[in-house]
Structures are given as structure tokens and as C-alpha cells.
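For reference, start_37.csv (CSV, C-alpha atoms):
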```
chain,number,residue,atom,x,y,z
A,1,MET,CA,-16.0,-23.2,-19.6
A,2,CYS,CA,-15.1,-22.8,-16.0
A,3,ASP,CA,-16.4,-25.8,-14.1
A,4,ARG,CA,-17.0,-23.9,-10.8
A,5,CYS,CA,-19.5,-21.2,-11.6
A,6,GLY,CA,-20.3,-21.6,-15.2
A,7,CYS,CA,-19.0,-18.1,-16.1
A,8,GLY,CA,-17.9,-19.2,-19.5
A,9,HIS,CA,-14.2,-18.2,-19.1
A,10,ALA,CA,-11.9,-21.2,-19.3
A,11,ASP,CA,-8.9,-19.1,-18.2
A,12,VAL,CA,-10.4,-17.3,-15.2
A,13,PRO,CA,-8.8,-18.9,-12.2
A,14,HIS,CA,-11.3,-20.1,-9.5
A,15,VAL,CA,-9.2,-22.8,-8.0
A,16,THR,CA,-7.9,-22.7,-4.4
A,17,GLU,CA,-4.9,-24.8,-5.3
A,18,GLY,CA,-4.0,-25.0,-9.0
A,19,PRO,CA,-2.9,-28.2,-10.7
A,20,PRO,CA,0.7,-29.4,-10.5
A,21,LEU,CA,3.2,-28.1,-13.1
A,22,ARG,CA,4.2,-30.7,-15.6
A,23,GLY,CA,7.7,-29.9,-16.7
A,24,ARG,CA,11.0,-28.9,-15.1
A,25,GLU,CA,9.9,-26.8,-12.1
A,26,ILE,CA,12.1,-24.2,-10.4
A,27,PRO,CA,10.9,-23.3,-6.9
A,28,ILE,CA,11.2,-19.5,-6.3
A,29,HIS,CA,9.2,-18.4,-3.3
A,30,GLN,CA,9.7,-14.7,-3.8
A,31,ARG,CA,7.3,-11.8,-3.2
A,32,MET,CA,5.8,-10.6,-6.4
A,33,LEU,CA,6.5,-7.0,-5.3
A,34,ASP,CA,10.2,-7.9,-4.6
A,35,ASP,CA,11.3,-5.3,-7.2
A,36,ASN,CA,9.4,-2.5,-5.5
A,37,ASP,CA,10.4,-3.7,-2.0
A,38,ARG,CA,14.1,-3.7,-2.8
A,39,ILE,CA,13.9,-0.1,-3.9
A,40,ALA,CA,11.8,0.8,-0.9
A,41,ARG,CA,14.4,-0.7,1.4
A,42,HIS,CA,17.0,1.4,-0.4
A,43,ASN,CA,14.9,4.5,0.0
A,44,ARG,CA,14.4,3.8,3.7
A,45,GLU,CA,18.2,3.4,4.2
A,46,HIS,CA,18.7,6.7,2.3
A,47,PHE,CA,16.2,8.5,4.6
A,48,ALA,CA,17.8,7.0,7.7
A,49,ALA,CA,21.3,8.0,6.6
A,50,HIS,CA,20.0,11.6,6.4
A,51,GLY,CA,18.2,11.3,9.8
A,52,ILE,CA,14.8,11.8,8.1
A,53,LEU,CA,11.5,10.5,9.3
A,54,SER,CA,9.6,9.5,6.1
A,55,VAL,CA,5.8,9.4,6.2
A,56,ASN,CA,3.5,7.9,3.5
A,57,LEU,CA,0.3,9.9,3.6
A,58,MET,CA,-2.6,8.0,2.1
A,59,GLY,CA,-6.3,8.6,1.8
A,60,ALA,CA,-9.3,9.3,-0.5
A,61,PRO,CA,-9.2,12.3,-2.7
A,62,GLY,CA,-10.5,15.3,-0.7
A,63,ALA,CA,-9.8,13.8,2.7
A,64,GLY,CA,-7.6,16.8,3.4
A,65,LYS,CA,-4.1,15.3,3.0
A,66,THR,CA,-2.7,18.5,1.4
A,67,ALA,CA,-4.4,20.8,3.9
A,68,LEU,CA,-3.0,18.7,6.7
A,69,LEU,CA,0.5,19.1,5.2
A,70,GLU,CA,0.1,22.8,4.9
A,71,ALA,CA,-1.0,23.0,8.5
A,72,THR,CA,1.9,20.8,9.5
A,73,ILE,CA,4.5,22.9,7.7
A,74,ARG,CA,3.1,26.1,9.4
A,75,ALA,CA,3.0,24.5,12.8
A,76,ALA,CA,6.5,22.9,12.5
A,77,ALA,CA,8.2,26.1,11.2
A,78,GLY,CA,11.3,26.8,13.2
A,79,ARG,CA,11.3,23.3,14.7
A,80,TRP,CA,11.5,20.8,11.8
A,81,GLN,CA,12.4,21.3,8.2
A,82,VAL,CA,9.6,19.6,6.4
A,83,ALA,CA,9.7,18.5,2.7
A,84,ALA,CA,7.1,16.8,0.5
A,85,ILE,CA,6.7,14.6,-2.5
A,86,GLU,CA,3.3,15.0,-4.0
A,87,GLY,CA,1.5,12.3,-6.1
A,88,ASP,CA,-1.4,13.1,-8.3
A,89,GLN,CA,-2.6,11.9,-11.6
A,90,ALA,CA,-2.3,15.4,-13.1
A,91,THR,CA,-1.3,19.0,-12.3
A,92,GLN,CA,1.2,20.7,-10.1
A,93,ARG,CA,-1.5,22.2,-7.9
A,94,ASP,CA,-0.6,20.4,-4.7
A,95,SER,CA,3.2,21.1,-5.1
A,96,ASP,CA,2.3,24.8,-5.7
A,97,ARG,CA,0.4,24.8,-2.4
A,98,ILE,CA,3.2,23.1,-0.5
A,99,ALA,CA,5.8,25.5,-1.9
A,100,ALA,CA,3.6,28.4,-1.0
A,101,ALA,CA,3.4,27.0,2.6
A,102,GLY,CA,7.2,27.2,2.6
A,103,ALA,CA,8.5,23.6,2.1
A,104,PRO,CA,10.7,22.1,-0.6
A,105,VAL,CA,8.5,19.9,-2.8
A,106,GLU,CA,8.7,17.6,-5.8
A,107,GLN,CA,5.6,16.7,-7.8
A,108,ILE,CA,5.0,13.3,-9.4
A,109,GLU,CA,2.3,13.2,-12.0
A,110,THR,CA,1.3,9.5,-12.4
A,111,GLY,CA,-0.8,9.8,-15.5
A,112,LEU,CA,-2.7,6.6,-15.6
A,113,GLY,CA,-1.1,5.3,-12.4
A,114,CYS,CA,-3.3,4.9,-9.4
A,115,HIS,CA,-0.6,4.8,-6.7
A,116,LEU,CA,3.0,5.8,-6.1
A,117,ASP,CA,5.7,3.1,-6.1
A,118,ALA,CA,9.2,3.0,-4.7
A,119,HIS,CA,10.9,3.6,-8.1
A,120,GLN,CA,9.0,6.9,-8.5
A,121,ILE,CA,10.1,8.0,-5.1
A,122,HIS,CA,13.7,7.1,-5.8
A,123,ASN,CA,13.6,9.1,-9.0
A,124,ALA,CA,12.0,12.1,-7.2
A,125,LEU,CA,14.8,12.1,-4.7
A,126,ASP,CA,17.2,13.1,-7.5
A,127,ALA,CA,15.4,16.5,-7.6
A,128,LEU,CA,14.8,16.9,-3.9
A,129,PRO,CA,18.0,17.7,-1.9
A,130,LEU,CA,17.6,15.9,1.5
A,131,GLY,CA,20.2,17.8,3.5
A,132,GLY,CA,18.7,19.5,6.5
A,133,ILE,CA,15.3,17.8,6.1
A,134,ASP,CA,13.8,16.4,9.3
A,135,VAL,CA,10.5,15.0,8.0
A,136,LEU,CA,9.6,14.0,4.4
A,137,PHE,CA,5.9,13.5,3.7
A,138,ILE,CA,5.0,11.5,0.6
A,139,GLU,CA,1.5,12.4,-0.3
A,140,ASN,CA,0.1,9.4,-2.2
A,141,VAL,CA,-2.4,9.5,-5.0
A,142,GLY,CA,-5.9,10.0,-3.5
A,143,ASN,CA,-7.2,6.4,-3.5
A,144,LEU,CA,-8.3,4.1,-0.7
A,145,VAL,CA,-7.3,0.9,-2.6
A,146,CYS,CA,-4.1,0.7,-4.6
A,147,PRO,CA,-1.5,2.6,-2.5
A,148,ALA,CA,-2.0,0.1,0.4
A,149,LEU,CA,0.1,-2.5,-1.3
A,150,PHE,CA,3.2,-0.5,-2.2
A,151,ASP,CA,6.0,0.2,0.3
A,152,LEU,CA,7.7,3.5,-0.7
A,153,GLY,CA,10.4,3.3,1.9
A,154,GLU,CA,8.4,5.1,4.6
A,155,HIS,CA,8.9,4.8,8.3
A,156,LEU,CA,5.3,5.6,9.1
A,157,ARG,CA,2.1,4.9,7.2
A,158,VAL,CA,-0.7,7.4,7.8
A,159,VAL,CA,-4.2,7.2,6.5
A,160,VAL,CA,-6.1,10.5,6.5
A,161,THR,CA,-9.9,10.2,6.4
A,162,SER,CA,-12.8,12.6,7.1
A,163,PRO,CA,-16.3,12.5,8.4
A,164,THR,CA,-17.8,13.5,5.0
A,165,GLU,CA,-16.6,10.0,3.7
A,166,GLY,CA,-18.9,8.2,6.2
A,167,ALA,CA,-18.1,6.2,9.3
A,168,ASP,CA,-18.0,2.8,7.5
A,169,LYS,CA,-14.9,3.4,5.3
A,170,PRO,CA,-12.7,1.2,7.5
A,171,LEU,CA,-15.0,-1.7,6.8
A,172,LYS,CA,-15.3,-1.0,3.1
A,173,TYR,CA,-11.6,-0.5,2.4
A,174,PRO,CA,-9.9,-2.9,4.9
A,175,PRO,CA,-6.4,-3.3,3.3
A,176,MET,CA,-5.9,0.5,3.5
A,177,PHE,CA,-6.9,0.8,7.1
A,178,ARG,CA,-5.1,-2.4,8.0
A,179,ALA,CA,-1.9,-1.0,6.6
A,180,ALA,CA,-1.9,2.2,8.7
A,181,ASP,CA,0.3,2.9,11.7
A,182,LEU,CA,-1.6,6.0,12.4
A,183,ILE,CA,-5.1,7.0,11.3
A,184,VAL,CA,-6.1,10.7,11.3
A,185,LEU,CA,-9.7,11.8,11.2
A,186,ASN,CA,-9.5,15.2,9.6
A,187,LYS,CA,-12.3,17.9,9.3
A,188,ILE,CA,-13.6,17.3,12.8
A,189,ASP,CA,-14.9,20.9,12.7
A,190,LEU,CA,-17.6,19.5,10.4
A,191,LEU,CA,-18.8,16.9,12.9
A,192,PRO,CA,-21.7,19.1,14.2
A,193,HIS,CA,-23.1,19.3,10.6
A,194,LEU,CA,-22.9,15.7,9.6
A,195,PRO,CA,-24.7,12.5,10.5
A,196,PHE,CA,-21.3,10.9,11.4
A,197,GLU,CA,-21.2,8.7,14.6
A,198,LEU,CA,-17.7,9.1,16.0
A,199,ASP,CA,-18.1,6.1,18.3
A,200,GLU,CA,-19.2,3.9,15.4
A,201,TRP,CA,-16.2,5.0,13.3
A,202,ARG,CA,-13.8,4.3,16.2
A,203,ARG,CA,-15.4,0.9,16.6
A,204,TYR,CA,-14.8,0.0,13.0
A,205,VAL,CA,-11.2,1.3,13.1
A,206,ALA,CA,-10.5,-0.8,16.2
A,207,ALA,CA,-12.1,-3.9,14.5
A,208,ILE,CA,-9.9,-3.6,11.4
A,209,ASN,CA,-6.7,-2.3,12.9
A,210,PRO,CA,-6.5,-2.5,16.7
A,211,ARG,CA,-2.8,-1.5,16.7
A,212,ALA,CA,-3.1,1.8,14.8
A,213,ALA,CA,-3.0,5.1,16.8
A,214,VAL,CA,-5.9,7.4,16.1
A,215,LEU,CA,-5.9,11.2,16.0
A,216,ALA,CA,-8.5,13.9,15.2
A,217,THR,CA,-7.6,17.1,13.4
A,218,ALA,CA,-9.2,20.0,11.6
A,219,ALA,CA,-6.4,21.1,9.2
A,220,THR,CA,-8.2,24.4,8.3
A,221,THR,CA,-8.5,25.5,12.0
A,222,ALA,CA,-5.3,23.8,13.2
A,223,ALA,CA,-7.3,21.9,15.8
A,224,GLY,CA,-5.4,18.7,16.8
A,225,ILE,CA,-2.3,19.7,14.9
A,226,GLY,CA,-0.3,19.8,18.2
A,227,ASP,CA,-1.2,16.2,18.9
A,228,TRP,CA,-0.3,15.3,15.3
A,229,LEU,CA,3.2,16.8,15.6
A,230,ALA,CA,3.6,15.1,19.0
A,231,ALA,CA,2.6,11.7,17.5
A,232,LEU,CA,5.2,12.2,14.7
A,233,ALA,CA,7.8,13.2,17.3
A,234,SER,CA,7.0,10.2,19.5
A,235,ARG,CA,7.7,7.9,16.5
A,236,GLY,CA,11.2,9.3,16.9
A,237,GLY,CA,12.9,10.0,13.7
A,238,PRO,CA,15.6,7.6,12.6
A,239,VAL,CA,18.8,8.1,14.5
A,240,LYS,CA,21.1,10.5,12.7
A,241,SER,CA,24.6,9.6,11.8
A,242,ASP,CA,25.9,11.6,14.8
A,243,GLY,CA,24.0,9.2,17.1
A,244,HIS,CA,21.3,11.7,18.1
A,245,ALA,CA,17.6,11.0,17.6
A,246,GLY,CA,16.2,12.4,14.4
A,247,LEU,CA,13.4,14.6,15.4
A,248,PRO,CA,14.1,17.6,17.7
B,1,MET,CA,-4.9,-0.7,-12.3
B,2,HIS,CA,-2.4,-1.7,-9.7
B,3,GLU,CA,-2.6,-5.3,-10.9
B,4,LEU,CA,-0.5,-4.2,-13.9
B,5,SER,CA,2.2,-2.8,-11.6
B,6,ILE,CA,2.2,-6.1,-9.7
B,7,ALA,CA,2.3,-8.1,-13.0
B,8,ARG,CA,5.3,-6.1,-14.2
B,9,SER,CA,7.1,-6.7,-11.0
B,10,LEU,CA,6.2,-10.4,-11.2
B,11,VAL,CA,7.7,-10.7,-14.7
B,12,ALA,CA,10.8,-8.9,-13.6
B,13,ALA,CA,11.2,-11.2,-10.6
B,14,ALA,CA,10.7,-14.3,-12.8
B,15,GLU,CA,13.2,-13.2,-15.4
B,16,ARG,CA,15.8,-12.7,-12.6
B,17,HIS,CA,15.5,-16.4,-11.7
B,18,LEU,CA,15.3,-17.7,-15.2
B,19,PRO,CA,18.4,-19.7,-16.3
B,20,ALA,CA,20.0,-18.6,-19.6
B,21,ALA,CA,18.6,-20.1,-22.8
B,22,SER,CA,15.3,-21.1,-21.3
B,23,ARG,CA,11.8,-19.9,-21.4
B,24,VAL,CA,8.8,-20.2,-19.1
B,25,SER,CA,5.9,-22.5,-20.0
B,26,ALA,CA,4.0,-22.0,-16.8
B,27,LEU,CA,4.3,-20.2,-13.5
B,28,ARG,CA,2.7,-20.7,-10.1
B,29,VAL,CA,1.8,-17.7,-8.0
B,30,ALA,CA,0.0,-17.3,-4.6
B,31,VAL,CA,-2.5,-14.6,-4.0
B,32,GLY,CA,-3.8,-14.1,-0.5
B,33,ALA,CA,-7.5,-13.1,-0.1
B,34,ALA,CA,-6.7,-10.1,2.1
B,35,THR,CA,-4.6,-8.4,-0.5
B,36,GLY,CA,-7.7,-7.5,-2.4
B,37,ILE,CA,-5.9,-8.5,-5.6
B,38,VAL,CA,-8.4,-9.9,-8.1
B,39,PRO,CA,-6.9,-13.0,-9.7
B,40,GLY,CA,-8.7,-12.5,-13.0
B,41,ALA,CA,-7.3,-8.9,-13.2
B,42,LEU,CA,-3.8,-10.1,-12.3
B,43,ASP,CA,-4.1,-12.8,-15.0
B,44,LEU,CA,-5.1,-10.2,-17.6
B,45,ALA,CA,-2.4,-7.8,-16.5
B,46,PHE,CA,0.2,-10.7,-16.7
B,47,ARG,CA,-0.6,-11.3,-20.3
B,48,ALA,CA,0.1,-7.7,-21.1
B,49,ALA,CA,3.2,-7.5,-19.0
B,50,ALA,CA,4.7,-10.8,-20.3
B,51,GLY,CA,4.5,-9.7,-24.0
B,52,GLY,CA,7.9,-9.8,-25.6
B,53,THR,CA,9.6,-11.5,-22.6
B,54,ARG,CA,10.6,-15.1,-22.0
B,55,LEU,CA,7.3,-15.5,-20.1
B,56,ALA,CA,5.1,-14.7,-23.0
B,57,GLY,CA,2.4,-17.3,-23.5
B,58,ALA,CA,3.1,-19.0,-20.2
B,59,ARG,CA,0.2,-20.7,-18.4
B,60,ARG,CA,-0.7,-19.1,-15.1
B,61,ILE,CA,-1.5,-21.2,-12.1
B,62,ILE,CA,-2.9,-19.0,-9.4
B,63,ASP,CA,-3.2,-20.5,-5.9
B,64,ARG,CA,-5.7,-18.5,-3.9
B,65,ILE,CA,-4.7,-18.4,-0.3
B,66,ALA,CA,-7.5,-18.0,2.3
B,67,ALA,CA,-7.0,-15.3,4.8
B,68,ARG,CA,-7.1,-15.9,8.6
B,69,SER,CA,-7.9,-13.5,11.4
B,70,ARG,CA,-8.2,-13.5,15.1
B,71,CYS,CA,-11.4,-11.8,16.2
B,72,GLY,CA,-10.9,-8.6,18.2
B,73,ALA,CA,-14.0,-9.3,20.3
B,74,CYS,CA,-14.0,-13.0,21.1
B,75,ALA,CA,-10.5,-14.1,19.9
B,76,THR,CA,-11.9,-16.8,17.7
B,77,GLU,CA,-9.5,-17.6,14.8
B,78,PHE,CA,-11.3,-17.9,11.4
B,79,SER,CA,-10.6,-18.2,7.7
B,80,PHE,CA,-12.2,-16.0,5.1
B,81,HIS,CA,-12.1,-15.4,1.3
B,82,ASP,CA,-13.0,-11.7,1.0
B,83,VAL,CA,-10.8,-8.7,2.0
B,84,LEU,CA,-12.7,-8.0,5.2
B,85,GLY,CA,-13.5,-11.2,7.1
B,86,THR,CA,-16.3,-11.5,9.6
B,87,CYS,CA,-16.1,-13.6,12.8
B,88,PRO,CA,-18.4,-16.6,12.4
B,89,ALA,CA,-18.8,-16.9,16.2
B,90,CYS,CA,-19.8,-13.3,17.1
B,91,GLY,CA,-20.3,-11.4,13.8
B,92,THR,CA,-17.5,-8.8,14.5
B,93,PRO,CA,-15.8,-7.7,11.3
B,94,GLY,CA,-12.0,-7.5,10.8
B,95,GLY,CA,-9.8,-8.7,13.6
B,96,VAL,CA,-6.0,-9.1,13.6
B,97,LEU,CA,-4.8,-10.5,10.3
B,98,LEU,CA,-2.8,-13.7,10.7
B,99,ALA,CA,-2.5,-14.8,7.0
B,100,GLY,CA,-3.8,-13.8,3.6
B,101,ASP,CA,-1.4,-11.0,2.6
B,102,GLU,CA,0.6,-13.3,0.4
B,103,LEU,CA,1.5,-12.1,-3.1
B,104,ALA,CA,4.3,-14.4,-4.2
B,105,LEU,CA,5.9,-16.1,-7.2
B,106,ARG,CA,6.1,-19.8,-6.1
B,107,SER,CA,7.7,-21.6,-9.0
B,108,LEU,CA,8.5,-21.5,-12.7
B,109,GLU,CA,8.1,-24.4,-15.2
B,110,VAL,CA,10.9,-23.9,-17.7
B,111,PHE,CA,12.1,-25.4,-21.0
B,112,ASP,CA,15.3,-25.0,-22.9
B,113,VAL,CA,15.4,-23.1,-26.1
```

As C-alpha cells:
Amino acid sequence: MCDRCGCGHADVPHVTEGPPLRGREIPIHQRMLDDNDRIARHNREHFAAHGILSVNLMGAPGAGKTALLEATIRAAAGRWQVAAIEGDQATQRDSDRIAAAGAPVEQIETGLGCHLDAHQIHNALDALPLGGIDVLFIENVGNLVCPALFDLGEHLRVVVTSPTEGADKPLKYPPMFRAADLIVLNKIDLLPHLPFELDEWRRYVAAINPRAAVLATAATTAAGIGDWLAALASRGGPVKSDGHAGLP
Amino acid sequence: MHELSIARSLVAAAERHLPAASRVSALRVAVGAATGIVPGALDLAFRAAAGGTRLAGARRIIDRIAARSRCGACATEFSFHDVLGTCPACGTPGGVLLAGDELALRSLEVFDV
């Protein structure tokens, strides 16, 4: 039995520092996700070589990630060529929506998988020609926990959240909000109808991630989409091979 | 669920460092509190991921690394063991994470076969 809490499981680790190893020990000191991270670096180099800004779009199911993408594709038409990789447990529904909005898209159905990983993105790139693309959005599986740990090769990590989720989500899911470069509060058109305190939400975001930029949008009315495009442009796409900045 | 992905990656990383004609009798890993990784779930996932590999049956020593933050309100530095962290001086949650995102394979105990 475990001697810390009496839980009855001898093999459940509770120790802060485990006992020393007994035999011949080889020190390693390598990140557990080294496999994923190596492919992610490769993906990032691939995007940079094509002058593409890659964006990992994360958030809970129903936050409005796909709607934000549709609004982005429409607003950026004629300025940027946008493409997307869509991650869902099942169906092609999101990739159908993105294709209908006018962008090249590749769907990844993860089955039992709760997040996208760098290998899946690398495989998806085989089916998604990158020539002429300015911004590639990778819409992660709707989930506020697991995707936070996996580098996909993005240049920018964006968390999309919405007032229907409640103001306290940054406190309840800290690794996700901590991982974000940019946090988008979508569905602000619903604010008058909800007991959502914007100042409270901003306070929690600042407490968890003071370095993240914060934006407000309503994808279905296009409110804030101009600011969103400006925020992407200010991140400056990677420098293209001809030496010019990536995003026009 | 993502513990299984991490366990597979861990097994792959260990196999890359394993000398020929050897097996692993134990491995030591570090898990930072702020990762949100549940050591028990990682342990279970490891047993599934290690099956049929040279790590099958290896003991798992999991060093749990406390997280550290600097409070955004009063700048106090504090340790914590959950994924959030709350400043003991002023009660403000979160802060700037200084440590606790470790997820590493530290060492392998090997034997010749």
C-alpha cells in the first residue's frame, strides 16, 4: 500500500523525488515530447521556407474557432491566401465549411485522439500544397486541456474562448491560457444577454498570462475581425526566401 | 488521453538512447506540476506504450517537480503543486510561471541481454 495517503496502490507514484536507481544508469535529460518537438521544428522550417505564418487555433468545442476562420477567410480575400488544417474527432464538416468559404483545407479526423500532434500536421502537408499560401491556420481539436502541450510547428498560438463558457475559464484551464500568444474572446455580440463580467475575465487572463495579447470579436457579425487581421499582420509573417516580410 | 501520446514519445526517446543488446530495468522521469500531467495516468499509459519494447516491465520512478510562479500583483515568488498556483502572500492566482513545465526523461537503468 502507498505509504503517503493510504490509497492502496503500491505503484501509484506520490513521491516528490523517487529512490535512486540501482543498476547501470545512463543519464539522458531529454524532453519526453522530443519526438513531437523535432517534427514540429521541421514543420516550422517548412512553413518559414514558404513564407507562411502558421497559427495553432485552440479552444473549447463551440468557442467559434471555425466561424472565426470563415470570417477571416472572407475578410482577408484578395489580401492573403489563407489555408487551413482542421482537427476533429470525426466528420469532414469543418473542412466542408472552410472549403465553402473559399480556402484550401485538409481535414484530420483524430478518432480517439484528443489533440493534434506534429506528425499529423506533417502528414497533412503532403495533401495540402503550400505554394502561394500566406497564412495557415491549424484548427485544433476542441479541447481546453490536451492541445496545450503539443507544439505543431506554429509561429503563433491562439486561444479562442467565448462568454458562454464563463469568465473563470482562464483559472480553470491554466496550461491552455498560459500557452497562448494571443487570446480571442469571440461572440461578444452575446455579451448583453449573458451574466459575463468582462473586467473579471480580463483580470483572470492577466493573472494567468500577462504577456498574451487580448482581442474581442464576433465572428458572425465580423465585429473585431479587422483588429484580428491587424494582430496577425503585426506578428509579421516569416521572412520569405526573397527577403521580404511574409504578410502583405 | 494525451498521457498515452506522451508515453509513446517517452518510449521512443528512451529506445533512441538505448545501447544495442540491452534492456531497461527502470527509468526516471520528471513531471512538472504545471504541465497538468497526472503521474498515475502517465504511469498507466507507459505500461501500455512499453509493451513489446525493450522497456517492457521497467520500473517507473517519477520525480514530481514543484512549479514556481512570480505573483503578478505583489511579485512574491512561490512554489505550488497544482496546475494553477495561488500567491500565498496576497491570494492572487496564476502569475508568471518560472518552473514546473518539465516533462523529461532523466535517466535509464539498463542491463545487458

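The closest residue to Arg203 (chain A), picked from A:Ala67, A:Ala124, A:Ala167, A:Ile225 and counting only C-alpha atoms, is A:Ala167.
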
Please identify every residue of chain B that has at least one atom no farther than 7 Å from an atom of chain A, counting all atoms listed in the file, and for each give the shortest atom pair and the distance in Å to one decimal, arranged by chain then increasing number, as a Markdown table.
```
| residue | atom | partner | partner_atom | distance |
| --- | --- | --- | --- | --- |
| B:Met1 | CA | A:Cys114 | CA | 6.5 |
| B:His2 | CA | A:Cys146 | CA | 5.9 |
| B:Ile6 | CA | A:Leu33 | CA | 6.2 |
| B:Ser9 | CA | A:Leu33 | CA | 5.7 |
| B:Leu10 | CA | A:Met32 | CA | 4.8 |
| B:Ala13 | CA | A:Asp35 | CA | 6.8 |
| B:Ala34 | CA | A:Pro175 | CA | 6.9 |
| B:Thr35 | CA | A:Pro175 | CA | 6.6 |
| B:Pro39 | CA | A:Pro13 | CA | 6.7 |
| B:Gly40 | CA | A:Val12 | CA | 5.5 |
| B:Ile61 | CA | A:Gly18 | CA | 5.5 |
| B:Ile62 | CA | A:Gly18 | CA | 6.1 |
| B:Asp63 | CA | A:Glu17 | CA | 4.7 |
| B:Arg64 | CA | A:Thr16 | CA | 4.8 |
| B:Ile65 | CA | A:Thr16 | CA | 6.7 |
| B:Gly72 | CA | A:Ala207 | CA | 6.1 |
| B:Val83 | CA | A:Pro174 | CA | 6.5 |
| B:Leu84 | CA | A:Pro174 | CA | 5.8 |
| B:Pro93 | CA | A:Ala207 | CA | 6.2 |
| B:Gly94 | CA | A:Ile208 | CA | 4.5 |
| B:Gly95 | CA | A:Ala207 | CA | 5.4 |
| B:Val96 | CA | A:Asn209 | CA | 6.9 |
| B:Leu103 | CA | A:Met32 | CA | 5.6 |
| B:Ala104 | CA | A:Arg31 | CA | 4.1 |
| B:Leu105 | CA | A:Gln30 | CA | 5.3 |
| B:Arg106 | CA | A:His29 | CA | 4.4 |
| B:Ser107 | CA | A:Pro27 | CA | 4.2 |
| B:Leu108 | CA | A:Ile26 | CA | 5.1 |
| B:Glu109 | CA | A:Glu25 | CA | 4.3 |
| B:Val110 | CA | A:Arg24 | CA | 5.6 |
| B:Phe111 | CA | A:Arg24 | CA | 6.9 |
```

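For Ser69 (chain B), the residues within 9 Å (counting all atoms listed in the file, excluding itself and residues fewer than 4 positions away along the chain) are Ala75, Thr76, Glu77, Phe78, Ser79, Phe80, Gly85, Thr86, Cys87, Gly94, Gly95, Val96, Leu97, Leu98, Ala99 and Gly100 of chain B.
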
Dump as a list in words all residues having an atom at most 6 Å from (-3.1, -8.4, -15.3), computed in the file's coordinates with only C-alpha atoms.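 Returned residue set, sorted by chain then number, is Glu3, Leu4, Ala7, Ala41, Leu42, Asp43, Leu44, Ala45 and Phe46 of chain B.
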
Neighbouring residues of Asp88 (chain A) were defined as those with any atom within 9 Å, considering all atoms listed in the file; residues of the same chain fewer than 5 positions away were excluded. Please report them as a PyMOL selection string. chain A and resi 94+107-111+113-116+139-142

Please, what distance in Å, to one decimal, runs between CA of Ala216 (chain A) and CA of Pro104 (chain A)? 26.2 Å

Tell me which residues come within 12 Å of (-1.8, 14.5, 6.6), as a PyMOL selection string, counting only C-alpha atoms in the file's coordinates. chain A and resi 55-60+62-73+84+86+136-140+142+156-162+182-187+215-220+222+224-225+228-229+232

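Distances from B:Ala33, B:Cys74, B:Ala49, B:Ala20 to Glu102 (chain B) were compared using all atoms listed in the file, and the smallest one belongs to B:Ala33.
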
So what do you get for CA of Gln92 (chain A) versus CA of His122 (chain A), distance-wise?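 Computing the Euclidean distance for CA of Gln92 (chain A) and CA of His122 (chain A) yields 19.0 Å.
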
Skipping near chain neighbours, those fewer than 6 positions away, what residues fall within 8 Å of region 58-60 of chain B using only C-alpha atoms, listed as a PDB file with C-alpha atoms, in the coordinates of the input?
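File out-v5.pdb, as written:
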```
ATOM      1  CA  VAL B  24       8.800 -20.200 -19.100  1.00  0.00           C
ATOM      2  CA  SER B  25       5.900 -22.500 -20.000  1.00  0.00           C
ATOM      3  CA  ALA B  26       4.000 -22.000 -16.800  1.00  0.00           C
ATOM      4  CA  LEU B  27       4.300 -20.200 -13.500  1.00  0.00           C
ATOM      5  CA  ARG B  28       2.700 -20.700 -10.100  1.00  0.00           C
ATOM      6  CA  VAL B  29       1.800 -17.700  -8.000  1.00  0.00           C
ATOM      7  CA  ASP B  43      -4.100 -12.800 -15.000  1.00  0.00           C
TER       8      ASP B  43
END
```

Rounded to one decimal in Å, what is the spacing between CA of Ile52 (chain A) and CA of Asp134 (chain A)? 4.9 Å
